[in-house]
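*Asks:* Provided below: model_36.cif, containing mmCIF, C-alpha atoms and all ligand atoms.
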data_input
#
loop_
_atom_site.group_PDB
_atom_site.id
_atom_site.type_symbol
_atom_site.label_atom_id
_atom_site.label_comp_id
_atom_site.auth_asym_id
_atom_site.auth_seq_id
_atom_site.Cartn_x
_atom_site.Cartn_y
_atom_site.Cartn_z
ATOM 1 C CA MET K 71 0.000 0.000 0.000
ATOM 2 C CA THR K 72 1.372 3.409 -0.885
ATOM 3 C CA GLY K 73 1.422 6.230 1.635
ATOM 4 C CA GLY K 74 -0.882 8.298 -0.555
ATOM 5 C CA ARG K 75 -3.582 5.644 -0.650
ATOM 6 C CA THR K 76 -3.328 5.099 3.072
ATOM 7 C CA ARG K 77 -3.793 8.791 3.727
ATOM 8 C CA ALA K 78 -6.731 9.032 1.352
ATOM 9 C CA ARG K 79 -8.497 6.182 3.147
ATOM 10 C CA TYR K 80 -7.811 7.645 6.532
ATOM 11 C CA GLN K 81 -9.885 10.606 5.389
ATOM 12 C CA LEU K 82 -12.921 8.405 4.688
ATOM 13 C CA ALA K 83 -15.276 9.413 7.494
ATOM 14 C CA ILE K 84 -16.941 6.746 9.632
ATOM 15 C CA GLU K 85 -20.301 8.322 8.707
ATOM 16 C CA ALA K 86 -19.504 8.547 4.954
ATOM 17 C CA LEU K 87 -22.379 7.031 2.972
ATOM 18 C CA VAL K 88 -21.795 4.175 0.560
ATOM 19 C CA SER K 89 -24.137 2.989 -2.193
ATOM 20 C CA THR K 90 -23.767 0.203 -4.722
ATOM 21 C CA THR K 91 -23.305 1.385 -8.314
ATOM 22 C CA PRO K 92 -25.049 -0.240 -11.305
ATOM 23 C CA ARG K 93 -21.719 -1.921 -11.998
ATOM 24 C CA GLY K 94 -21.602 -3.272 -8.436
ATOM 25 C CA ARG K 95 -25.166 -4.545 -8.751
ATOM 26 C CA ASN K 96 -24.337 -6.379 -11.972
ATOM 27 C CA GLY K 97 -20.848 -7.414 -10.844
ATOM 28 C CA GLY K 98 -21.959 -10.934 -9.854
ATOM 29 C CA PHE K 99 -19.464 -13.324 -11.370
ATOM 30 C CA GLY K 100 -15.893 -12.951 -10.209
ATOM 31 C CA LEU K 101 -16.392 -10.665 -7.209
ATOM 32 C CA MET K 102 -14.677 -11.526 -3.942
ATOM 33 C CA PRO K 103 -17.332 -12.896 -1.531
ATOM 34 C CA GLU K 104 -16.817 -9.973 0.861
ATOM 35 C CA HIS K 105 -17.109 -7.438 -1.957
ATOM 36 C CA GLN K 106 -20.287 -9.189 -3.090
ATOM 37 C CA ARG K 107 -21.738 -8.953 0.434
ATOM 38 C CA ILE K 108 -20.909 -5.263 0.649
ATOM 39 C CA CYS K 109 -22.502 -4.688 -2.775
ATOM 40 C CA ASP K 110 -25.635 -6.468 -1.506
ATOM 41 C CA LEU K 111 -25.662 -4.461 1.754
ATOM 42 C CA CYS K 112 -25.258 -1.076 0.083
ATOM 43 C CA VAL K 113 -28.107 -1.395 -2.420
ATOM 44 C CA GLU K 114 -29.719 0.552 0.423
ATOM 45 C CA VAL K 115 -27.295 3.277 1.463
ATOM 46 C CA LYS K 116 -25.080 2.445 4.461
ATOM 47 C CA SER K 117 -22.393 4.335 6.339
ATOM 48 C CA LEU K 118 -18.851 3.006 6.645
ATOM 49 C CA ALA K 119 -19.596 2.340 10.335
ATOM 50 C CA GLU K 120 -22.681 0.268 9.450
ATOM 51 C CA ILE K 121 -20.714 -1.735 6.886
ATOM 52 C CA ALA K 122 -18.054 -2.536 9.489
ATOM 53 C CA ALA K 123 -20.644 -3.480 12.112
ATOM 54 C CA LEU K 124 -22.834 -5.576 9.805
ATOM 55 C CA MET K 125 -19.852 -7.298 8.160
ATOM 56 C CA ARG K 126 -18.330 -7.842 11.634
ATOM 57 C CA MET K 127 -15.055 -6.333 10.469
ATOM 58 C CA PRO K 128 -12.827 -3.882 12.298
ATOM 59 C CA LEU K 129 -13.403 -0.343 11.073
ATOM 60 C CA GLY K 130 -9.923 -0.136 9.507
ATOM 61 C CA VAL K 131 -10.480 -3.275 7.435
ATOM 62 C CA ALA K 132 -13.840 -2.012 6.190
ATOM 63 C CA ARG K 133 -12.286 1.364 5.357
ATOM 64 C CA VAL K 134 -9.622 -0.225 3.146
ATOM 65 C CA MET K 135 -12.148 -2.526 1.484
ATOM 66 C CA VAL K 136 -14.572 0.321 0.752
ATOM 67 C CA GLY K 137 -11.679 2.315 -0.737
ATOM 68 C CA ASP K 138 -10.725 -0.603 -3.009
ATOM 69 C CA MET K 139 -14.336 -1.125 -4.099
ATOM 70 C CA ALA K 140 -14.793 2.568 -4.874
ATOM 71 C CA GLU K 141 -11.650 2.518 -7.019
ATOM 72 C CA ALA K 142 -13.074 -0.523 -8.835
ATOM 73 C CA GLY K 143 -16.357 1.362 -9.442
ATOM 74 C CA LEU K 144 -18.464 -1.147 -7.500
ATOM 75 C CA ILE K 145 -19.713 1.410 -4.983
ATOM 76 C CA ALA K 146 -19.997 5.180 -4.735
ATOM 77 C CA VAL K 147 -18.933 7.035 -1.604
ATOM 78 C CA HIS K 148 -20.715 10.253 -0.669
ATOM 79 C CA GLN K 149 -18.851 12.648 1.587
ATOM 80 C CA SER K 150 -20.754 15.552 3.124
ATOM 81 C CA ASN K 151 -20.802 19.290 2.450
ATOM 82 C CA THR K 152 -18.320 20.765 4.816
ATOM 83 C CA THR K 153 -16.343 23.927 5.373
ATOM 84 C CA GLU K 154 -12.825 23.100 6.539
ATOM 85 C CA GLY K 155 -13.990 19.688 7.685
ATOM 86 C CA LYS K 156 -17.044 20.936 9.566
ATOM 87 C CA PRO K 157 -20.709 20.855 8.535
ATOM 88 C CA ASP K 158 -21.656 24.225 7.009
ATOM 89 C CA LEU K 159 -24.474 26.442 8.272
ATOM 90 C CA ALA K 160 -26.950 25.348 5.583
ATOM 91 C CA LEU K 161 -26.407 21.724 6.538
ATOM 92 C CA LEU K 162 -26.834 22.506 10.245
ATOM 93 C CA GLU K 163 -30.133 24.229 9.441
ATOM 94 C CA ARG K 164 -31.338 21.111 7.622
ATOM 95 C CA VAL K 165 -30.375 18.981 10.624
ATOM 96 C CA LEU K 166 -32.292 21.289 12.952
ATOM 97 C CA ILE K 167 -35.418 21.152 10.784
ATOM 98 C CA GLY K 168 -35.112 17.369 10.502
ATOM 99 C CA LEU K 169 -34.827 16.950 14.271
ATOM 100 C CA ARG K 170 -37.771 19.260 14.958
ATOM 101 C CA ASN K 171 -39.895 17.258 12.527
ATOM 102 C CA LEU K 172 -39.081 13.907 14.139
ATOM 103 C CA MET I 259 -10.132 12.003 -4.227
ATOM 104 C CA ASP I 260 -13.786 12.211 -5.152
ATOM 105 C CA PHE I 261 -15.448 8.825 -5.067
ATOM 106 C CA ALA I 262 -18.884 10.292 -5.698
ATOM 107 C CA THR I 263 -18.050 11.068 -9.309
ATOM 108 C CA SER I 264 -17.671 7.346 -9.995
ATOM 109 C CA SER I 265 -21.451 7.081 -10.224
ATOM 110 C CA PRO I 266 -23.845 9.485 -11.932
ATOM 111 C CA PRO I 267 -25.977 11.128 -9.205
ATOM 112 C CA GLU I 268 -29.280 10.345 -10.926
ATOM 113 C CA ARG I 269 -28.563 6.621 -10.609
ATOM 114 C CA THR I 270 -28.248 6.800 -6.837
ATOM 115 C CA ALA I 271 -31.580 6.683 -5.026
ATOM 116 C CA GLY I 272 -31.783 7.515 -1.346
ATOM 117 C CA PRO I 273 -29.743 9.501 1.134
ATOM 118 C CA THR I 274 -26.473 11.054 -0.002
ATOM 119 C CA THR I 275 -25.614 13.292 2.933
ATOM 120 C CA SER I 276 -24.682 12.276 6.445
ATOM 121 C CA VAL I 277 -23.768 14.082 9.626
ATOM 122 C CA LYS I 278 -22.753 12.841 13.043
ATOM 123 C CA ILE I 279 -23.053 13.776 16.686
ATOM 124 C CA VAL I 280 -20.884 12.265 19.415
ATOM 125 C CA VAL I 281 -22.392 11.132 22.732
ATOM 126 C CA ALA I 282 -19.726 11.087 25.439
ATOM 127 C CA GLY I 283 -19.514 10.524 29.165
ATOM 128 C CA GLY I 284 -18.355 8.049 31.781
ATOM 129 C CA PHE I 285 -19.112 4.343 31.918
ATOM 130 C CA GLY I 286 -22.759 3.597 32.713
ATOM 131 C CA VAL I 287 -23.909 7.198 32.348
ATOM 132 C CA GLY I 288 -26.485 6.232 29.704
ATOM 133 C CA LYS I 289 -24.726 6.764 26.347
ATOM 134 C CA THR I 290 -26.050 3.584 24.723
ATOM 135 C CA THR I 291 -29.494 4.232 26.213
ATOM 136 C CA PHE I 292 -29.482 7.776 24.778
ATOM 137 C CA VAL I 293 -28.452 6.590 21.306
ATOM 138 C CA GLY I 294 -31.044 3.801 21.370
ATOM 139 C CA ALA I 295 -33.877 6.120 22.468
ATOM 140 C CA VAL I 296 -33.753 8.185 19.281
ATOM 141 C CA SER I 297 -32.190 5.755 16.768
ATOM 142 C CA GLU I 298 -34.361 4.106 14.104
ATOM 143 C CA ILE I 299 -32.181 0.980 14.279
ATOM 144 C CA ASN I 300 -31.083 -1.003 17.314
ATOM 145 C CA PRO I 301 -27.693 0.466 18.178
ATOM 146 C CA LEU I 302 -24.897 -1.316 16.320
ATOM 147 C CA THR I 303 -21.389 -1.850 17.579
ATOM 148 C CA THR I 304 -18.298 -1.249 15.527
ATOM 149 C CA GLU I 305 -14.779 -2.075 16.582
ATOM 150 C CA ALA I 306 -11.502 -0.432 15.810
ATOM 151 C CA VAL I 307 -8.256 -2.305 16.247
ATOM 152 C CA MET I 308 -5.247 -0.301 17.251
ATOM 153 C CA THR I 309 -1.929 -1.910 16.383
ATOM 154 C CA ALA I 310 1.655 -0.714 16.547
ATOM 155 C CA ALA I 311 1.307 0.141 12.855
ATOM 156 C CA SER I 312 -1.816 2.269 13.174
ATOM 157 C CA ASP I 313 -2.150 5.998 13.485
ATOM 158 C CA GLY I 314 -2.730 5.585 17.203
ATOM 159 C CA ILE I 315 0.893 4.640 17.763
ATOM 160 C CA ASP I 316 1.456 7.455 20.244
ATOM 161 C CA ASP I 317 -1.291 6.147 22.488
ATOM 162 C CA LEU I 318 0.017 2.602 22.403
ATOM 163 C CA SER I 319 2.888 3.493 24.701
ATOM 164 C CA LYS I 320 0.297 4.148 27.399
ATOM 165 C CA VAL I 321 -1.146 0.638 27.105
ATOM 166 C CA PRO I 322 1.389 -1.632 28.777
ATOM 167 C CA ASP I 323 2.254 -5.055 27.355
ATOM 168 C CA LYS I 324 -0.084 -4.814 24.397
ATOM 169 C CA THR I 325 0.575 -4.583 20.702
ATOM 170 C CA THR I 326 -3.079 -4.546 19.672
ATOM 171 C CA THR I 327 -6.132 -3.212 21.447
ATOM 172 C CA THR I 328 -9.759 -3.380 20.359
ATOM 173 C CA VAL I 329 -12.012 -0.431 21.042
ATOM 174 C CA ALA I 330 -15.782 -0.832 20.678
ATOM 175 C CA MET I 331 -18.320 1.928 20.157
ATOM 176 C CA ASP I 332 -22.086 1.940 19.775
ATOM 177 C CA PHE I 333 -23.913 3.962 17.205
ATOM 178 C CA GLY I 334 -27.404 4.620 15.934
ATOM 179 C CA ARG I 335 -29.031 6.214 12.891
ATOM 180 C CA VAL I 336 -31.756 8.828 12.457
ATOM 181 C CA SER I 337 -33.107 9.690 8.982
ATOM 182 C CA LEU I 338 -33.742 13.445 9.011
ATOM 183 C CA ASP I 339 -35.083 13.877 5.492
ATOM 184 C CA ARG I 340 -35.071 11.840 2.293
ATOM 185 C CA GLU I 341 -31.441 12.668 1.631
ATOM 186 C CA LEU I 342 -29.963 13.252 5.067
ATOM 187 C CA ILE I 343 -28.968 10.774 7.780
ATOM 188 C CA LEU I 344 -27.742 11.647 11.269
ATOM 189 C CA TYR I 345 -25.455 9.139 12.982
ATOM 190 C CA LEU I 346 -25.021 9.162 16.744
ATOM 191 C CA PHE I 347 -21.801 7.671 18.073
ATOM 192 C CA GLY I 348 -21.237 6.744 21.697
ATOM 193 C CA THR I 349 -17.623 7.167 22.750
ATOM 194 C CA PRO I 350 -15.699 4.065 23.804
ATOM 195 C CA GLY I 351 -15.766 3.394 27.530
ATOM 196 C CA GLN I 352 -12.026 3.721 27.954
ATOM 197 C CA ASN I 353 -11.187 7.403 27.684
ATOM 198 C CA ARG I 354 -7.508 6.770 27.089
ATOM 199 C CA PHE I 355 -8.079 5.586 23.513
ATOM 200 C CA TRP I 356 -7.833 9.047 22.054
ATOM 201 C CA PHE I 357 -6.997 7.767 18.574
ATOM 202 C CA MET I 358 -10.601 6.635 18.308
ATOM 203 C CA TRP I 359 -11.923 9.956 19.565
ATOM 204 C CA ASP I 360 -10.121 11.768 16.755
ATOM 205 C CA ASP I 361 -11.865 9.540 14.222
ATOM 206 C CA LEU I 362 -15.197 10.018 15.995
ATOM 207 C CA THR I 363 -15.035 13.789 16.243
ATOM 208 C CA ARG I 364 -13.552 14.655 12.836
ATOM 209 C CA GLY I 365 -16.291 16.480 10.915
ATOM 210 C CA ALA I 366 -18.852 16.059 13.732
ATOM 211 C CA ILE I 367 -21.564 18.659 14.396
ATOM 212 C CA GLY I 368 -20.639 18.472 18.059
ATOM 213 C CA ALA I 369 -20.981 16.388 21.185
ATOM 214 C CA VAL I 370 -23.428 15.759 23.994
ATOM 215 C CA VAL I 371 -21.562 15.105 27.238
ATOM 216 C CA LEU I 372 -23.819 12.993 29.438
ATOM 217 C CA VAL I 373 -23.328 13.491 33.156
ATOM 218 C CA ASP I 374 -24.508 11.450 36.109
ATOM 219 C CA THR I 375 -24.614 14.035 38.893
ATOM 220 C CA ARG I 376 -23.677 11.348 41.432
ATOM 221 C CA ARG I 377 -20.363 10.870 39.605
ATOM 222 C CA LEU I 378 -19.426 14.273 38.252
ATOM 223 C CA ALA I 379 -15.720 13.567 37.814
ATOM 224 C CA ASP I 380 -16.367 10.859 35.188
ATOM 225 C CA CYS I 381 -16.913 13.458 32.474
ATOM 226 C CA PHE I 382 -13.814 15.602 33.095
ATOM 227 C CA SER I 383 -11.708 14.005 30.380
ATOM 228 C CA ALA I 384 -14.466 14.260 27.743
ATOM 229 C CA ILE I 385 -15.013 17.958 28.470
ATOM 230 C CA ASP I 386 -11.264 18.608 28.348
ATOM 231 C CA TYR I 387 -11.027 16.802 25.021
ATOM 232 C CA PHE I 388 -13.844 18.813 23.392
ATOM 233 C CA GLU I 389 -12.509 22.096 24.786
ATOM 234 C CA ASP I 390 -9.054 21.315 23.337
ATOM 235 C CA ALA I 391 -10.509 20.144 20.013
ATOM 236 C CA GLY I 392 -12.709 23.255 19.725
ATOM 237 C CA LEU I 393 -15.719 21.011 19.101
ATOM 238 C CA PRO I 394 -19.098 22.475 20.100
ATOM 239 C CA TYR I 395 -20.594 20.516 23.003
ATOM 240 C CA ILE I 396 -23.370 20.765 25.525
ATOM 241 C CA VAL I 397 -23.643 19.085 28.905
ATOM 242 C CA ALA I 398 -26.725 16.949 29.538
ATOM 243 C CA LEU I 399 -27.457 15.858 33.092
ATOM 244 C CA ASN I 400 -29.069 12.433 32.937
ATOM 245 C CA CYS I 401 -31.817 12.392 35.564
ATOM 246 C CA PHE I 402 -31.637 8.905 36.984
ATOM 247 C CA ASP I 403 -34.962 8.212 38.703
ATOM 248 C CA GLY I 404 -36.063 11.742 37.896
ATOM 249 C CA THR I 405 -33.771 13.416 40.398
ATOM 250 C CA LEU I 406 -30.546 15.369 40.309
ATOM 251 C CA SER I 407 -28.207 15.326 43.253
ATOM 252 C CA HIS I 408 -26.774 18.719 42.258
ATOM 253 C CA ALA I 409 -28.378 21.841 40.832
ATOM 254 C CA VAL I 410 -27.379 22.944 37.327
ATOM 255 C CA ASP I 411 -25.471 25.978 38.625
ATOM 256 C CA ASP I 412 -23.485 23.818 41.030
ATOM 257 C CA VAL I 413 -22.564 21.448 38.203
ATOM 258 C CA ARG I 414 -21.353 24.327 36.047
ATOM 259 C CA GLU I 415 -19.126 25.501 38.837
ATOM 260 C CA ALA I 416 -17.895 22.036 39.839
ATOM 261 C CA LEU I 417 -16.961 21.168 36.235
ATOM 262 C CA SER I 418 -15.773 24.694 35.295
ATOM 263 C CA ILE I 419 -18.101 24.733 32.289
ATOM 264 C CA PRO I 420 -17.795 28.037 30.385
ATOM 265 C CA SER I 421 -20.897 30.226 30.674
ATOM 266 C CA ASP I 422 -21.678 29.978 26.927
ATOM 267 C CA VAL I 423 -21.902 26.178 27.013
ATOM 268 C CA PRO I 424 -25.523 25.072 27.577
ATOM 269 C CA ILE I 425 -26.292 22.658 30.410
ATOM 270 C CA VAL I 426 -29.592 20.801 30.073
ATOM 271 C CA THR I 427 -31.303 17.994 31.927
ATOM 272 C CA CYS I 428 -32.476 14.910 30.088
ATOM 273 C CA ASP I 429 -33.868 11.421 30.424
ATOM 274 C CA ALA I 430 -31.702 9.198 28.248
ATOM 275 C CA ARG I 431 -34.554 6.670 27.957
ATOM 276 C CA SER I 432 -36.973 9.176 26.416
ATOM 277 C CA ARG I 433 -37.083 9.787 22.670
ATOM 278 C CA GLU I 434 -38.597 13.238 23.177
ATOM 279 C CA SER I 435 -35.965 14.204 25.737
ATOM 280 C CA THR I 436 -33.013 12.978 23.652
ATOM 281 C CA LYS I 437 -34.470 14.741 20.604
ATOM 282 C CA LEU I 438 -34.668 18.048 22.531
ATOM 283 C CA THR I 439 -31.099 17.566 23.743
ATOM 284 C CA LEU I 440 -29.883 17.077 20.171
ATOM 285 C CA ILE I 441 -31.810 20.163 19.024
ATOM 286 C CA ARG I 442 -30.119 22.192 21.779
ATOM 287 C CA LEU I 443 -26.706 20.976 20.611
ATOM 288 C CA VAL I 444 -27.357 21.845 16.959
ATOM 289 C CA GLU I 445 -28.601 25.307 17.965
ATOM 290 C CA HIS I 446 -25.444 25.766 20.007
ATOM 291 C CA ALA I 447 -23.247 24.615 17.090
ATOM 292 C CA MET I 448 -25.051 27.102 14.818
ATOM 293 C CA SER I 449 -24.518 30.003 17.200
ATOM 294 C CA ARG I 450 -20.846 29.078 17.516
ATOM 295 C CA PHE I 451 -20.628 28.936 13.729
ATOM 296 C CA ALA I 452 -22.241 32.340 13.397
ATOM 297 C CA ALA I 453 -19.935 33.802 16.068
ATOM 298 C CA MET I 454 -16.865 32.678 14.123
ATOM 299 C CA ARG I 455 -17.852 34.522 10.933
HETATM 300 N N1 LIG K 501 -33.268 5.060 35.838
HETATM 301 C C1 LIG K 501 -32.540 5.366 34.756
HETATM 302 N N2 LIG K 501 -31.681 4.445 34.280
HETATM 303 C C2 LIG K 501 -30.934 4.754 33.194
HETATM 304 C C3 LIG K 501 -31.041 6.004 32.549
HETATM 305 N N3 LIG K 501 -30.158 6.035 31.518
HETATM 306 C C4 LIG K 501 -29.538 4.842 31.523
HETATM 307 N N4 LIG K 501 -30.009 4.055 32.525
HETATM 308 C C5 LIG K 501 -29.538 2.709 32.866
HETATM 309 O O1 LIG K 501 -28.178 2.786 33.245
HETATM 310 C C6 LIG K 501 -27.445 1.659 32.781
HETATM 311 C C7 LIG K 501 -26.247 2.094 31.936
HETATM 312 O O2 LIG K 501 -26.704 2.707 30.737
HETATM 313 P P1 LIG K 501 -25.910 2.587 29.355
HETATM 314 O O3 LIG K 501 -26.721 3.294 28.348
HETATM 315 O O4 LIG K 501 -25.543 1.176 29.048
HETATM 316 O O5 LIG K 501 -24.575 3.396 29.719
HETATM 317 P P2 LIG K 501 -23.239 3.616 28.853
HETATM 318 O O6 LIG K 501 -22.180 2.784 29.505
HETATM 319 O O7 LIG K 501 -22.949 5.071 28.998
HETATM 320 O O8 LIG K 501 -23.511 3.211 27.442
HETATM 321 C C8 LIG K 501 -28.441 0.815 32.006
HETATM 322 O O9 LIG K 501 -28.886 -0.230 32.835
HETATM 323 C C9 LIG K 501 -29.562 1.776 31.684
HETATM 324 O O10 LIG K 501 -30.801 1.095 31.580
HETATM 325 C C10 LIG K 501 -31.993 6.973 33.076
HETATM 326 O O11 LIG K 501 -32.160 8.072 32.570
HETATM 327 N N5 LIG K 501 -32.696 6.587 34.181
HETATM 328 MG MG MG K 502 -22.541 1.777 26.252
#
Starting from the file, give its structure as structure tokens.
*Replies:*
Amino acid sequence: MTGGRTRARYQLAIEALVSTTPRGRNGGFGLMPEHQRICDLCVEVKSLAEIAALMRMPLGVARVMVGDMAEAGLIAVHQSNTTEGKPDLALLERVLIGLRNL
Amino acid sequence: MDFATSSPPERTAGPTTSVKIVVAGGFGVGKTTFVGAVSEINPLTTEAVMTAASDGIDDLSKVPDKTTTTVAMDFGRVSLDRELILYLFGTPGQNRFWFMWDDLTRGAIGAVVLVDTRRLADCFSAIDYFEDAGLPYIVALNCFDGTLSHAVDDVREALSIPSDVPIVTCDARSRESTKLTLIRLVEHAMSRFAAMR
């Protein structure tokens, strides 16, 4: 593993959302069993933390695997709108409205 | 690195934005109860393994005779609108595993520090951490059996909580109460955000 790839993965947030791409859905033949299970799981969007918990893998292992699968185009990773690594005001307002409507 | 571009947005149904809030406090203070009260899923547990090769290497020196350590944390999920999910993460019981706290707090809206007023000192390290990290936090006094053994003002003084940090009371078992606590935190994070402009 190169240092650059390790750093990039370290940035993948535990709450980052992961969804299976059309390619991941049709991957079928030839996928590693664990990649196949993650593709099945993320047909409905899951966070990195949920993937780790549901796959019973340590967070670090799931983080590397999700990075590999994203590079292979099997899944898409959605990182959030942030300003210098923090949620921006518009996002906070949406959270507030969402909580009040619960 | 932008993974999201690997799939056209119109092909991705469902939520695409997530945020997180950290729930901290001493062992047995009600963190898992709090997360479970408002979560739409039964709280899940995820584990992080710290080895000599991990980014937590500095902390490892403080764990005698161990080359790997597993840290577990509970979390729950709340869908806020069709595209937005809030995750709530309970901090690991052992406060010394700071490497995990960095991962937990990076990009977080803020933290709720749960306090059992019978054991005030248990939350010192969490409050120190959030003060140092500059992360917005509020203090929530968990009312075991509906009573507090200290008044809010006494707690503020005993814990040296700055006057601009809200202190609320809550019942970690109640969905309505945990919801109100989260709302108070987000309001506080917004006012902090506005103050920094
Ligand atoms: N009476 C009462 N019990 C509580 C309350 N919150 C948590 N508990 C109980 O306290 C114990 C510890 O709670 P838990 O959520 O596991 O604490 P954690 O270690 O911080 O995750 C559990 O048995 C809970 O049922 C509360 O508000 N009132
Ligand atoms: Mg717990």
*Asks:* List as a ChimeraX atom specification the protein and nucleic acid residues near Val136 (chain K), meaning an atom at most 12 Å away when all atoms listed in the file are counted, but skip any in the same chain fewer than 2 places from it.
*Replies:* /K:78-80,82-84,86-90,104-109,112,116-122,125,127,129-134,138-148 /I:261
*Asks:* Can you write just those residues out, C-alpha atoms, as a short mmCIF file (atom, residue, chain, number, x, y, z; two decimals), keeping the file's coordinate frame?
*Replies:*
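So again05.cif came out as:
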data_model
loop_
_atom_site.label_atom_id
_atom_site.label_comp_id
_atom_site.auth_asym_id
_atom_site.auth_seq_id
_atom_site.Cartn_x
_atom_site.Cartn_y
_atom_site.Cartn_z
CA ALA K 78 -6.73 9.03 1.35
CA ARG K 79 -8.50 6.18 3.15
CA TYR K 80 -7.81 7.64 6.53
CA LEU K 82 -12.92 8.40 4.69
CA ALA K 83 -15.28 9.41 7.49
CA ILE K 84 -16.94 6.75 9.63
CA ALA K 86 -19.50 8.55 4.95
CA LEU K 87 -22.38 7.03 2.97
CA VAL K 88 -21.80 4.18 0.56
CA SER K 89 -24.14 2.99 -2.19
CA THR K 90 -23.77 0.20 -4.72
CA GLU K 104 -16.82 -9.97 0.86
CA HIS K 105 -17.11 -7.44 -1.96
CA GLN K 106 -20.29 -9.19 -3.09
CA ARG K 107 -21.74 -8.95 0.43
CA ILE K 108 -20.91 -5.26 0.65
CA CYS K 109 -22.50 -4.69 -2.78
CA CYS K 112 -25.26 -1.08 0.08
CA LYS K 116 -25.08 2.44 4.46
CA SER K 117 -22.39 4.34 6.34
CA LEU K 118 -18.85 3.01 6.64
CA ALA K 119 -19.60 2.34 10.34
CA GLU K 120 -22.68 0.27 9.45
CA ILE K 121 -20.71 -1.74 6.89
CA ALA K 122 -18.05 -2.54 9.49
CA MET K 125 -19.85 -7.30 8.16
CA MET K 127 -15.06 -6.33 10.47
CA LEU K 129 -13.40 -0.34 11.07
CA GLY K 130 -9.92 -0.14 9.51
CA VAL K 131 -10.48 -3.28 7.44
CA ALA K 132 -13.84 -2.01 6.19
CA ARG K 133 -12.29 1.36 5.36
CA VAL K 134 -9.62 -0.22 3.15
CA ASP K 138 -10.72 -0.60 -3.01
CA MET K 139 -14.34 -1.12 -4.10
CA ALA K 140 -14.79 2.57 -4.87
CA GLU K 141 -11.65 2.52 -7.02
CA ALA K 142 -13.07 -0.52 -8.84
CA GLY K 143 -16.36 1.36 -9.44
CA LEU K 144 -18.46 -1.15 -7.50
CA ILE K 145 -19.71 1.41 -4.98
CA ALA K 146 -20.00 5.18 -4.74
CA VAL K 147 -18.93 7.04 -1.60
CA HIS K 148 -20.72 10.25 -0.67
CA PHE I 261 -15.45 8.82 -5.07
#
*Asks:* Could I get the residue neighbourhood of ligand LIG 501 (chain K) at 7 Å, counting only C-alpha atoms and all ligand atoms, as a VMD selection string?
*Replies:* chain I and resid 283 to 292 351 400 to 403 429 to 431
*Asks:* May I ask you to extract the residues of chain I within 7 Å of chain K, using only C-alpha atoms, and to give them as a PDB file with C-alpha atoms, in the frame of the given file?
*Replies:*
ATOM      1  CA  PHE I 261     -15.448   8.825  -5.067  1.00  0.00           C
ATOM      2  CA  ALA I 262     -18.884  10.292  -5.698  1.00  0.00           C
ATOM      3  CA  SER I 264     -17.671   7.346  -9.995  1.00  0.00           C
ATOM      4  CA  SER I 265     -21.451   7.081 -10.224  1.00  0.00           C
ATOM      5  CA  GLY I 272     -31.783   7.515  -1.346  1.00  0.00           C
ATOM      6  CA  PRO I 273     -29.743   9.501   1.134  1.00  0.00           C
ATOM      7  CA  THR I 274     -26.473  11.054  -0.002  1.00  0.00           C
ATOM      8  CA  THR I 275     -25.614  13.292   2.933  1.00  0.00           C
ATOM      9  CA  SER I 276     -24.682  12.276   6.445  1.00  0.00           C
ATOM     10  CA  VAL I 277     -23.768  14.082   9.626  1.00  0.00           C
ATOM     11  CA  LYS I 278     -22.753  12.841  13.043  1.00  0.00           C
ATOM     12  CA  LEU I 302     -24.897  -1.316  16.320  1.00  0.00           C
ATOM     13  CA  THR I 303     -21.389  -1.850  17.579  1.00  0.00           C
ATOM     14  CA  THR I 304     -18.298  -1.249  15.527  1.00  0.00           C
ATOM     15  CA  GLU I 305     -14.779  -2.075  16.582  1.00  0.00           C
ATOM     16  CA  ALA I 306     -11.502  -0.432  15.810  1.00  0.00           C
ATOM     17  CA  VAL I 307      -8.256  -2.305  16.247  1.00  0.00           C
ATOM     18  CA  LEU I 338     -33.742  13.445   9.011  1.00  0.00           C
ATOM     19  CA  ASP I 339     -35.083  13.877   5.492  1.00  0.00           C
ATOM     20  CA  TYR I 345     -25.455   9.139  12.982  1.00  0.00           C
ATOM     21  CA  GLY I 365     -16.291  16.480  10.915  1.00  0.00           C
ATOM     22  CA  ALA I 366     -18.852  16.059  13.732  1.00  0.00           C
ATOM     23  CA  ILE I 367     -21.564  18.659  14.396  1.00  0.00           C
ATOM     24  CA  LYS I 437     -34.470  14.741  20.604  1.00  0.00           C
ATOM     25  CA  ILE I 441     -31.810  20.163  19.024  1.00  0.00           C
ATOM     26  CA  VAL I 444     -27.357  21.845  16.959  1.00  0.00           C
ATOM     27  CA  MET I 448     -25.051  27.102  14.818  1.00  0.00           C
TER      28      MET I 448
END
*Asks:* Counting only C-alpha atoms, which of I:Gly334, I:Gly368, I:Thr375, I:Val296 gets nearest to Phe451 (chain I)?
*Replies:*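 Result for the nearest residue to Phe451 (chain I): I:Gly368.
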*Asks:* Please expand the PyMOL selection byres (((chain I and resi 382-397) around 8) and not hetatm) into the concrete residues it hits in this file, giving the result as a PyMOL selection string.
*Replies:* chain I and resi 282-283+353+363+366-373+378-381+398-399+417+423-426+442-443+446-447+450
*Asks:* What does the distance from CA of Val336 (chain I) to CA of Asp374 (chain I) come to in Å, to one decimal?
*Replies:*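 CA of Asp374 (chain I) lies 24.9 Å from CA of Val336 (chain I).
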*Asks:* Would you please work out which residue, of I:Thr427, I:Ser337, I:Ser421, I:Thr436, is nearest to Gly294 (chain I) when using only C-alpha atoms?
*Replies:* I:Thr436
*Asks:* Do you have the CA of Val280 (chain I)-CA of Ala330 (chain I) distance handy?
*Replies:*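 Between CA of Val280 (chain I) and CA of Ala330 (chain I) the gap works out to 14.1 Å.
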*Asks:* Do you have the CA of Asp412 (chain I)-CA of Phe355 (chain I) distance handy?
*Replies:* 29.6 Å
